[in-house]
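Contents: one structure, followed by commentary.
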Amino acid sequence: MELIPACVRYLLFPTYLRFIGSEQLPQYRRLVKSQFLPEEELRRRQCTAVQDMLRYVHDHNRFYRRRLRELGATPDDFRSMADFEHFPLLTKDDLREHADELLSDGWDVSSLMRKRTGGSTGVPVHLYKDLRASRIKAGVTMRHDEWAHFQVGMKKAALWGDVKPRTSLWHRLTDALYNRTIYLDTLEMDDRSMLDFAEAIRRTSTQLLFGHGHSLYHFARFLRDRRVTNLKLKGIISSAEMLPPAERRVVEEVFGNVVFDRYGCEEVGLIASECERHDGMHVAAEGVYIEILDGTEEVPGRVVVTDLLNHATPILRYEIGDLALTKPGPCTCGRGLPRIGRVIGRTSDFLYTPEGRQISGISLLDTVIIHIPGFRRAQVVQESLDSLTFNVVKGEGFSDASLRMLAAAVTKYFGPSMTHKVVMVDTIPLTGRGKFQFSICKVRPTR
Ligand SMILES: [Zn+2]
């Protein structure tokens, strides 16, 4: 056992948490046990938590009190999860327009954690998380990290966006002892920085890599093309972006079967992640309740989440804007935590045919774009219903045949009346938070 991680995990970290009065560790220990409870018991507890939350918002939250009044209902009318399905959905617009009303009574905002999310519209949403909820959620993250062989105090590498330099003495100390992270900013992923990053991982024998889905793919493909084969990782946690199957296969080709997909959002934190069986994602059911509206194992449905912990800005039946598959039945790992299937994409990822039919941007990326030789990176922008612009970063193997493949795919998926142009670019800008957005759709069909 390495000395620093053991010292951090068993001594410094628990001492620090006790010092600040955090209940993260006892909660984590409870969560380690509760993951193996039978699914029915976990679902029963979720139902109780929803009923408690409804009573809380009725007494302490102006926004939901108004909703209940408009519905002509009281918290006691919701006796089962089937009843809860009649509770109105919360939208991103609600969060944006009613932020003040959504803050529960009696909270001093200076004692709360403020969360800001960008979203595809670029208009930020603000909400607050109370400290107790945040600490339990930190315990949830610890538990799910361990599924990917990561424990507090271990070294890790991260392909992340929006990495801010930290200079204070306290931050330098926690970075050296606790975070121990080698970063590569996804906004700065050029050949030189990727080679340096790979070398730093190898030199420090780092075995865990966190990253945005598409950046992991981009990094893995770079290593494959450069024939860099000396990186041995035990776990790769892919989050914050979809990792479509074809891209995942490339990451696994380079690193082996060590990818742990994770799904979450700024508004509620970690929602679900893969266990060591890599068969769907277990929902962090002690903290969130997930519904997939109109979804099946084959047909993606809209993801709706209820936060069972946060009382400051309660999130009840929030439509995140993502699509996911369901995953019924127990997992062979023995955990009772229910599962969901793959997250297919954001509803905002969709493009349209001239006739107004939806085409999933992420599927186009997965089934066509990444297979075109010489397309190092690509992005599609739809400015009008009958035209697409592909921004392409050229790589090795690019030829006229690459453009012909793209043209054939456009006709196949969007029909003969769709026009397109290709713009060769040096880089494709990422979003403000360092995420890659493959498809940007600026139109909505009027139907
Ligand atoms: Zn499992």
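Chains: A, B, ... in order of the structure tokens. Residues: from 1 per chain. Ligands: from 1, in order shown.
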Can you tell me which residues sit at most 10 Å away from ligand 1, counting only C-alpha atoms and all ligand atoms, written as a PyMOL selection string?
chain A and resi 35-36+147+273-282+330-339
What lies within 9 Å of A:Leu233 using only C-alpha atoms, ignoring chain neighbours under 5 positions off, as a ChimeraX atom specification?
/A:205-209,255-256,258
Next, write the just-selected residues to a file, as a short mmCIF file (atom, residue, chain, number, x, y, z; two decimals), in the first residue's frame, keeping N, CA and C atoms as the atom set.
```
data_model
loop_
_atom_site.label_atom_id
_atom_site.label_comp_id
_atom_site.auth_asym_id
_atom_site.auth_seq_id
_atom_site.Cartn_x
_atom_site.Cartn_y
_atom_site.Cartn_z
N SER A 205 2.80 6.48 -12.65
CA SER A 205 2.04 5.23 -12.49
C SER A 205 0.59 5.49 -12.08
N THR A 206 0.02 6.56 -12.61
CA THR A 206 -1.40 6.87 -12.33
C THR A 206 -2.28 5.83 -13.03
N GLN A 207 -3.30 5.35 -12.29
CA GLN A 207 -4.09 4.25 -12.85
C GLN A 207 -5.54 4.61 -13.11
N LEU A 208 -5.89 5.86 -12.81
CA LEU A 208 -7.28 6.25 -13.03
C LEU A 208 -7.37 7.51 -13.85
N LEU A 209 -8.30 7.48 -14.76
CA LEU A 209 -8.48 8.62 -15.65
C LEU A 209 -9.95 9.04 -15.63
N PHE A 255 -7.26 0.81 -24.00
CA PHE A 255 -7.04 0.64 -22.56
C PHE A 255 -7.63 -0.65 -21.97
N GLY A 256 -8.41 -1.38 -22.75
CA GLY A 256 -9.07 -2.58 -22.21
C GLY A 256 -10.45 -2.23 -21.66
N VAL A 258 -12.10 -1.16 -19.21
CA VAL A 258 -11.99 -0.44 -17.93
C VAL A 258 -12.81 0.85 -17.91
#
```
Residue with the minimum atom-to-atom distance to A:Glu383, picked from A:Met81, A:Leu37, A:Ile440, A:Val283 with only C-alpha atoms counted, is A:Ile440
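For stretch 1-221 of chain A, backbone-based DSSP labels the following residues as strand (DSSP E): Met113, Arg114, Lys115, Arg116, Thr117, Val125, His126, Leu127, Tyr128, Lys129, Lys156, Ala157, Ala158, Leu159, Trp160, Thr181, Ile182, Tyr183, Leu184, Asp185, Leu208, Leu209, Phe210, Gly211 and His212 of chain A.
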Considering only C-alpha atoms, state which residue in the set A:Glu241, A:Glu101, A:Glu286, A:Asp196 is at the smallest distance from A:Ser34.
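Among the listed residues, the smallest separation from A:Ser34 belongs to A:Glu286.
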Nearby residues (only C-alpha atoms) at most 9 Å from A:Cys441, same-chain spacing under 2 positions excluded, as an NGL selection string:
:A and (348-352 or 380-384 or 439 or 443-444)
Restrict the selected residues to N, CA and C atoms and save them as a PDB file, in the first residue's frame.
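Contents of again20.pdb, freshly written:
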```pdb
ATOM      1  N   SER A 348     -31.479  18.442 -27.161  1.00  0.00           N
ATOM      2  CA  SER A 348     -30.978  19.565 -27.969  1.00  0.00           C
ATOM      3  C   SER A 348     -29.944  19.121 -28.995  1.00  0.00           C
ATOM      4  N   ASP A 349     -29.526  17.834 -28.942  1.00  0.00           N
ATOM      5  CA  ASP A 349     -28.566  17.327 -29.921  1.00  0.00           C
ATOM      6  C   ASP A 349     -29.206  17.037 -31.266  1.00  0.00           C
ATOM      7  N   PHE A 350     -30.536  17.141 -31.347  1.00  0.00           N
ATOM      8  CA  PHE A 350     -31.203  16.718 -32.567  1.00  0.00           C
ATOM      9  C   PHE A 350     -31.099  17.715 -33.709  1.00  0.00           C
ATOM     10  N   LEU A 351     -30.946  17.144 -34.887  1.00  0.00           N
ATOM     11  CA  LEU A 351     -30.980  17.923 -36.125  1.00  0.00           C
ATOM     12  C   LEU A 351     -32.300  17.558 -36.818  1.00  0.00           C
ATOM     13  N   TYR A 352     -32.589  18.252 -37.917  1.00  0.00           N
ATOM     14  CA  TYR A 352     -33.856  17.988 -38.608  1.00  0.00           C
ATOM     15  C   TYR A 352     -33.652  17.810 -40.108  1.00  0.00           C
ATOM     16  N   VAL A 380     -21.320  19.578 -36.678  1.00  0.00           N
ATOM     17  CA  VAL A 380     -22.324  19.981 -37.657  1.00  0.00           C
ATOM     18  C   VAL A 380     -23.181  21.103 -37.078  1.00  0.00           C
ATOM     19  N   VAL A 381     -23.415  22.115 -37.902  1.00  0.00           N
ATOM     20  CA  VAL A 381     -24.254  23.234 -37.481  1.00  0.00           C
ATOM     21  C   VAL A 381     -25.407  23.331 -38.465  1.00  0.00           C
ATOM     22  N   GLN A 382     -26.617  23.341 -37.936  1.00  0.00           N
ATOM     23  CA  GLN A 382     -27.784  23.487 -38.815  1.00  0.00           C
ATOM     24  C   GLN A 382     -28.365  24.885 -38.635  1.00  0.00           C
ATOM     25  N   GLU A 383     -28.194  25.702 -39.692  1.00  0.00           N
ATOM     26  CA  GLU A 383     -28.670  27.085 -39.627  1.00  0.00           C
ATOM     27  C   GLU A 383     -30.087  27.204 -40.165  1.00  0.00           C
ATOM     28  N   SER A 384     -30.418  26.320 -41.120  1.00  0.00           N
ATOM     29  CA  SER A 384     -31.781  26.339 -41.657  1.00  0.00           C
ATOM     30  C   SER A 384     -32.189  24.892 -41.930  1.00  0.00           C
ATOM     31  N   SER A 439     -23.278  18.497 -32.389  1.00  0.00           N
ATOM     32  CA  SER A 439     -24.292  19.107 -33.252  1.00  0.00           C
ATOM     33  C   SER A 439     -24.882  20.350 -32.602  1.00  0.00           C
ATOM     34  N   VAL A 443     -32.367  25.728 -35.611  1.00  0.00           N
ATOM     35  CA  VAL A 443     -33.739  25.833 -36.132  1.00  0.00           C
ATOM     36  C   VAL A 443     -34.663  24.868 -35.400  1.00  0.00           C
ATOM     37  N   ARG A 444     -35.929  25.178 -35.439  1.00  0.00           N
ATOM     38  CA  ARG A 444     -36.964  24.273 -34.942  1.00  0.00           C
ATOM     39  C   ARG A 444     -38.028  24.197 -36.011  1.00  0.00           C
TER      40      ARG A 444
END
```
